[in-house]
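K.L.:
I'd like to ask some things about the structure below.
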Amino acid sequence: RDVPRLQALAGWSDRNETPASALVTQGVITLALVALGAFSQNSVQTMVAYTAPVFWLFMMLVAASVWRLRRLDPDRPRPFRVPLFPLPPLLLALTCAGLVVSSAMYAGAGALIGLAVLAAGVPLMRLLKPAQAIG
């Protein structure tokens, strides 16, 4: 809904409380990838290997975001205190960093394909960004 050029994906199902149009589109893309993968010998394994570095990269960013968000809004009430903070997010970030490297080494050049798809989204989102930033 925030990106005017992607309004077709903004359809919301009140009955299920889900972004139905976006979910259907994601399902169609996933089925297309599975169908395309059917032509390779180890299709599912290959797709998992190619996307694993991107998955672990995002998990690492989630861990890092905890520090950033706490620094941006230190006075926000926190209903749950993380024991030994900042150790748990640090351990998660370091583990994920190791898994990014490990999965990229396993996937080899395939990891570059997954990361290239991710990188292709950056200029696309800049092109499609909303006229006004959401605050």
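Order determines the names: the first chain of the structure tokens is A, the second B, and so forth; residues in each chain are numbered 1 upward, and ligands are numbered 1 upward as they are shown.
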Within 12 Å of Ala63 of chain A, counting only C-alpha atoms, which residues show up once you throw out same-chain ones fewer than 4 positions away? Write them as an MDAnalysis selection string, please.

P.N.:
chainID A and resid 56:59 67:70 85:97

K.L.:
Using only C-alpha atoms, which residues sit within 10 Å of Ser103 of chain A once same-chain residues fewer than 2 positions away are excluded, as a list in words?

P.N.:
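Answer for this query is Val48, Ala49, Tyr50, Thr51, Ala52, Pro53, Val54, Phe55, Trp56, Ala97, Gly98, Leu99, Val100, Val101, Met105, Tyr106, Ala107, Gly108 and Ala111 of chain A.
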
K.L.:
How about saving the chosen residues, N, CA and C atoms kept, as a PDB file, in the first residue's frame?

P.N.:
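Now in out-v9.pdb:
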ATOM      1  N   VAL A  48      17.578 -23.977  -2.442  1.00  0.00           N
ATOM      2  CA  VAL A  48      17.867 -23.711  -1.030  1.00  0.00           C
ATOM      3  C   VAL A  48      19.295 -23.202  -0.882  1.00  0.00           C
ATOM      4  N   ALA A  49      20.237 -23.833  -1.566  1.00  0.00           N
ATOM      5  CA  ALA A  49      21.638 -23.410  -1.483  1.00  0.00           C
ATOM      6  C   ALA A  49      21.818 -21.979  -1.989  1.00  0.00           C
ATOM      7  N   TYR A  50      21.105 -21.612  -3.041  1.00  0.00           N
ATOM      8  CA  TYR A  50      21.246 -20.280  -3.621  1.00  0.00           C
ATOM      9  C   TYR A  50      20.628 -19.203  -2.724  1.00  0.00           C
ATOM     10  N   THR A  51      19.574 -19.549  -2.000  1.00  0.00           N
ATOM     11  CA  THR A  51      18.889 -18.545  -1.185  1.00  0.00           C
ATOM     12  C   THR A  51      19.349 -18.522   0.267  1.00  0.00           C
ATOM     13  N   ALA A  52      20.055 -19.534   0.727  1.00  0.00           N
ATOM     14  CA  ALA A  52      20.482 -19.592   2.129  1.00  0.00           C
ATOM     15  C   ALA A  52      21.347 -18.399   2.535  1.00  0.00           C
ATOM     16  N   PRO A  53      22.329 -17.973   1.732  1.00  0.00           N
ATOM     17  CA  PRO A  53      23.113 -16.813   2.162  1.00  0.00           C
ATOM     18  C   PRO A  53      22.262 -15.560   2.368  1.00  0.00           C
ATOM     19  N   VAL A  54      21.266 -15.365   1.523  1.00  0.00           N
ATOM     20  CA  VAL A  54      20.385 -14.202   1.662  1.00  0.00           C
ATOM     21  C   VAL A  54      19.553 -14.335   2.936  1.00  0.00           C
ATOM     22  N   PHE A  55      19.042 -15.519   3.217  1.00  0.00           N
ATOM     23  CA  PHE A  55      18.260 -15.763   4.433  1.00  0.00           C
ATOM     24  C   PHE A  55      19.091 -15.424   5.664  1.00  0.00           C
ATOM     25  N   TRP A  56      20.314 -15.956   5.746  1.00  0.00           N
ATOM     26  CA  TRP A  56      21.153 -15.721   6.930  1.00  0.00           C
ATOM     27  C   TRP A  56      21.592 -14.268   7.023  1.00  0.00           C
ATOM     28  N   ALA A  97      26.377 -14.487  10.800  1.00  0.00           N
ATOM     29  CA  ALA A  97      27.492 -14.087   9.928  1.00  0.00           C
ATOM     30  C   ALA A  97      28.289 -15.322   9.502  1.00  0.00           C
ATOM     31  N   GLY A  98      28.527 -16.223  10.455  1.00  0.00           N
ATOM     32  CA  GLY A  98      29.218 -17.458  10.109  1.00  0.00           C
ATOM     33  C   GLY A  98      28.430 -18.301   9.129  1.00  0.00           C
ATOM     34  N   LEU A  99      27.108 -18.318   9.290  1.00  0.00           N
ATOM     35  CA  LEU A  99      26.262 -19.098   8.384  1.00  0.00           C
ATOM     36  C   LEU A  99      26.161 -18.452   6.998  1.00  0.00           C
ATOM     37  N   VAL A 100      26.254 -17.129   6.937  1.00  0.00           N
ATOM     38  CA  VAL A 100      26.296 -16.462   5.626  1.00  0.00           C
ATOM     39  C   VAL A 100      27.533 -16.933   4.871  1.00  0.00           C
ATOM     40  N   VAL A 101      28.669 -16.890   5.547  1.00  0.00           N
ATOM     41  CA  VAL A 101      29.924 -17.300   4.911  1.00  0.00           C
ATOM     42  C   VAL A 101      29.878 -18.784   4.542  1.00  0.00           C
ATOM     43  N   MET A 105      29.931 -20.328   0.779  1.00  0.00           N
ATOM     44  CA  MET A 105      30.988 -21.230   0.324  1.00  0.00           C
ATOM     45  C   MET A 105      30.392 -22.530  -0.220  1.00  0.00           C
ATOM     46  N   TYR A 106      29.331 -23.014   0.415  1.00  0.00           N
ATOM     47  CA  TYR A 106      28.677 -24.243  -0.044  1.00  0.00           C
ATOM     48  C   TYR A 106      28.039 -24.029  -1.417  1.00  0.00           C
ATOM     49  N   ALA A 107      27.336 -22.908  -1.574  1.00  0.00           N
ATOM     50  CA  ALA A 107      26.620 -22.650  -2.820  1.00  0.00           C
ATOM     51  C   ALA A 107      27.555 -22.202  -3.940  1.00  0.00           C
ATOM     52  N   GLY A 108      28.723 -21.691  -3.598  1.00  0.00           N
ATOM     53  CA  GLY A 108      29.670 -21.234  -4.618  1.00  0.00           C
ATOM     54  C   GLY A 108      29.095 -20.089  -5.430  1.00  0.00           C
ATOM     55  N   ALA A 111      25.539 -18.690  -4.806  1.00  0.00           N
ATOM     56  CA  ALA A 111      25.289 -17.673  -3.782  1.00  0.00           C
ATOM     57  C   ALA A 111      25.280 -16.290  -4.413  1.00  0.00           C
TER      58      ALA A 111
END

K.L.:
With distances taken over only C-alpha atoms, which of A:Thr46, A:Ser65, A:Leu31, A:Leu23 is nearest to Ala109 of chain A?

P.N.:
A:Thr46

K.L.:
Can you list, as a list in words, every protein, DNA or RNA residue that comes within 12 Å of Val24 of chain A when you count only C-alpha atoms, leaving out same-chain residues fewer than 2 positions away?

P.N.:
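Answer for this query is Ala8, Leu9, Ala10, Gly11, Trp12, Ser13, Thr18, Pro19, Ala20, Ser21, Ala22, Gln26, Gly27, Val28, Ile29, Thr30 and Leu31 of chain A.
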
K.L.:
Restrict the selected residues to N, CA, C and O atoms and save them as a PDB file, in the first residue's frame.

P.N.:
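Dumped everything to out-v8.pdb:
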ATOM      1  N   ALA A   8      -1.610  -2.916  -7.061  1.00  0.00           N
ATOM      2  CA  ALA A   8      -2.292  -4.161  -7.424  1.00  0.00           C
ATOM      3  C   ALA A   8      -2.022  -5.264  -6.400  1.00  0.00           C
ATOM      4  O   ALA A   8      -2.830  -6.175  -6.240  1.00  0.00           O
ATOM      5  N   LEU A   9      -0.909  -5.172  -5.692  1.00  0.00           N
ATOM      6  CA  LEU A   9      -0.573  -6.177  -4.684  1.00  0.00           C
ATOM      7  C   LEU A   9      -1.115  -5.828  -3.306  1.00  0.00           C
ATOM      8  O   LEU A   9      -0.941  -6.592  -2.366  1.00  0.00           O
ATOM      9  N   ALA A  10      -1.752  -4.684  -3.179  1.00  0.00           N
ATOM     10  CA  ALA A  10      -2.190  -4.197  -1.871  1.00  0.00           C
ATOM     11  C   ALA A  10      -3.558  -4.727  -1.452  1.00  0.00           C
ATOM     12  O   ALA A  10      -4.038  -4.389  -0.378  1.00  0.00           O
ATOM     13  N   GLY A  11      -4.177  -5.567  -2.265  1.00  0.00           N
ATOM     14  CA  GLY A  11      -5.501  -6.069  -1.924  1.00  0.00           C
ATOM     15  C   GLY A  11      -5.513  -6.810  -0.593  1.00  0.00           C
ATOM     16  O   GLY A  11      -4.733  -7.721  -0.372  1.00  0.00           O
ATOM     17  N   TRP A  12      -6.404  -6.420   0.294  1.00  0.00           N
ATOM     18  CA  TRP A  12      -6.476  -6.961   1.646  1.00  0.00           C
ATOM     19  C   TRP A  12      -7.753  -7.776   1.810  1.00  0.00           C
ATOM     20  O   TRP A  12      -8.820  -7.350   1.419  1.00  0.00           O
ATOM     21  N   SER A  13      -7.624  -8.959   2.380  1.00  0.00           N
ATOM     22  CA  SER A  13      -8.787  -9.788   2.668  1.00  0.00           C
ATOM     23  C   SER A  13      -9.216  -9.544   4.114  1.00  0.00           C
ATOM     24  O   SER A  13      -8.506  -9.926   5.057  1.00  0.00           O
ATOM     25  N   THR A  18      -5.429 -10.835   5.740  1.00  0.00           N
ATOM     26  CA  THR A  18      -4.167 -11.097   5.049  1.00  0.00           C
ATOM     27  C   THR A  18      -4.075 -10.248   3.783  1.00  0.00           C
ATOM     28  O   THR A  18      -5.093  -9.852   3.219  1.00  0.00           O
ATOM     29  N   PRO A  19      -2.851  -9.994   3.322  1.00  0.00           N
ATOM     30  CA  PRO A  19      -2.671  -9.307   2.037  1.00  0.00           C
ATOM     31  C   PRO A  19      -2.838 -10.328   0.903  1.00  0.00           C
ATOM     32  O   PRO A  19      -1.860 -10.833   0.343  1.00  0.00           O
ATOM     33  N   ALA A  20      -4.065 -10.661   0.586  1.00  0.00           N
ATOM     34  CA  ALA A  20      -4.383 -11.766  -0.327  1.00  0.00           C
ATOM     35  C   ALA A  20      -3.711 -11.639  -1.685  1.00  0.00           C
ATOM     36  O   ALA A  20      -3.127 -12.615  -2.182  1.00  0.00           O
ATOM     37  N   SER A  21      -3.764 -10.472  -2.306  1.00  0.00           N
ATOM     38  CA  SER A  21      -3.171 -10.306  -3.642  1.00  0.00           C
ATOM     39  C   SER A  21      -1.668 -10.567  -3.620  1.00  0.00           C
ATOM     40  O   SER A  21      -1.134 -11.233  -4.503  1.00  0.00           O
ATOM     41  N   ALA A  22      -0.985 -10.057  -2.604  1.00  0.00           N
ATOM     42  CA  ALA A  22       0.468 -10.256  -2.500  1.00  0.00           C
ATOM     43  C   ALA A  22       0.791 -11.723  -2.256  1.00  0.00           C
ATOM     44  O   ALA A  22       1.756 -12.261  -2.814  1.00  0.00           O
ATOM     45  N   GLN A  26       2.983 -14.094  -4.651  1.00  0.00           N
ATOM     46  CA  GLN A  26       4.142 -14.813  -4.132  1.00  0.00           C
ATOM     47  C   GLN A  26       4.015 -16.309  -4.418  1.00  0.00           C
ATOM     48  O   GLN A  26       4.993 -16.966  -4.776  1.00  0.00           O
ATOM     49  N   GLY A  27       2.826 -16.857  -4.263  1.00  0.00           N
ATOM     50  CA  GLY A  27       2.597 -18.270  -4.551  1.00  0.00           C
ATOM     51  C   GLY A  27       2.844 -18.604  -6.010  1.00  0.00           C
ATOM     52  O   GLY A  27       3.451 -19.631  -6.334  1.00  0.00           O
ATOM     53  N   VAL A  28       2.398 -17.738  -6.910  1.00  0.00           N
ATOM     54  CA  VAL A  28       2.602 -17.959  -8.342  1.00  0.00           C
ATOM     55  C   VAL A  28       4.098 -17.924  -8.674  1.00  0.00           C
ATOM     56  O   VAL A  28       4.604 -18.776  -9.424  1.00  0.00           O
ATOM     57  N   ILE A  29       4.817 -16.964  -8.109  1.00  0.00           N
ATOM     58  CA  ILE A  29       6.267 -16.881  -8.348  1.00  0.00           C
ATOM     59  C   ILE A  29       6.963 -18.124  -7.810  1.00  0.00           C
ATOM     60  O   ILE A  29       7.844 -18.690  -8.464  1.00  0.00           O
ATOM     61  N   THR A  30       6.557 -18.574  -6.627  1.00  0.00           N
ATOM     62  CA  THR A  30       7.154 -19.774  -6.034  1.00  0.00           C
ATOM     63  C   THR A  30       6.896 -21.001  -6.904  1.00  0.00           C
ATOM     64  O   THR A  30       7.816 -21.799  -7.154  1.00  0.00           O
ATOM     65  N   LEU A  31       5.677 -21.164  -7.379  1.00  0.00           N
ATOM     66  CA  LEU A  31       5.367 -22.296  -8.255  1.00  0.00           C
ATOM     67  C   LEU A  31       6.162 -22.227  -9.557  1.00  0.00           C
ATOM     68  O   LEU A  31       6.611 -23.258 -10.067  1.00  0.00           O
TER      69      LEU A  31
END

K.L.:
Counting only C-alpha atoms, which of A:Leu124, A:Met47, A:Ala64, A:Ala32 gets nearest to Val3 of chain A?

P.N.:
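Closest residue, counting only C-alpha atoms: A:Leu124.
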
K.L.:
Write down as number ranges by chain the residues of segment 12-97 of chain A whose backbone DSSP state falls under helix (DSSP H, G or I).

P.N.:
A: 20-37, 43-72, 87-97

K.L.:
Just to confirm, what's the straight-line distance from atom CA of Arg78 of chain A to atom CA of Val62 of chain A in Å (one decimal)?

P.N.:
17.6 Å

K.L.:
Rounded to one decimal in Å, what is the spacing between atom CA of Leu112 of chain A and atom CA of Gln45 of chain A?

P.N.:
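Separation of atom CA of Leu112 of chain A and atom CA of Gln45 of chain A: 15.9 Å.
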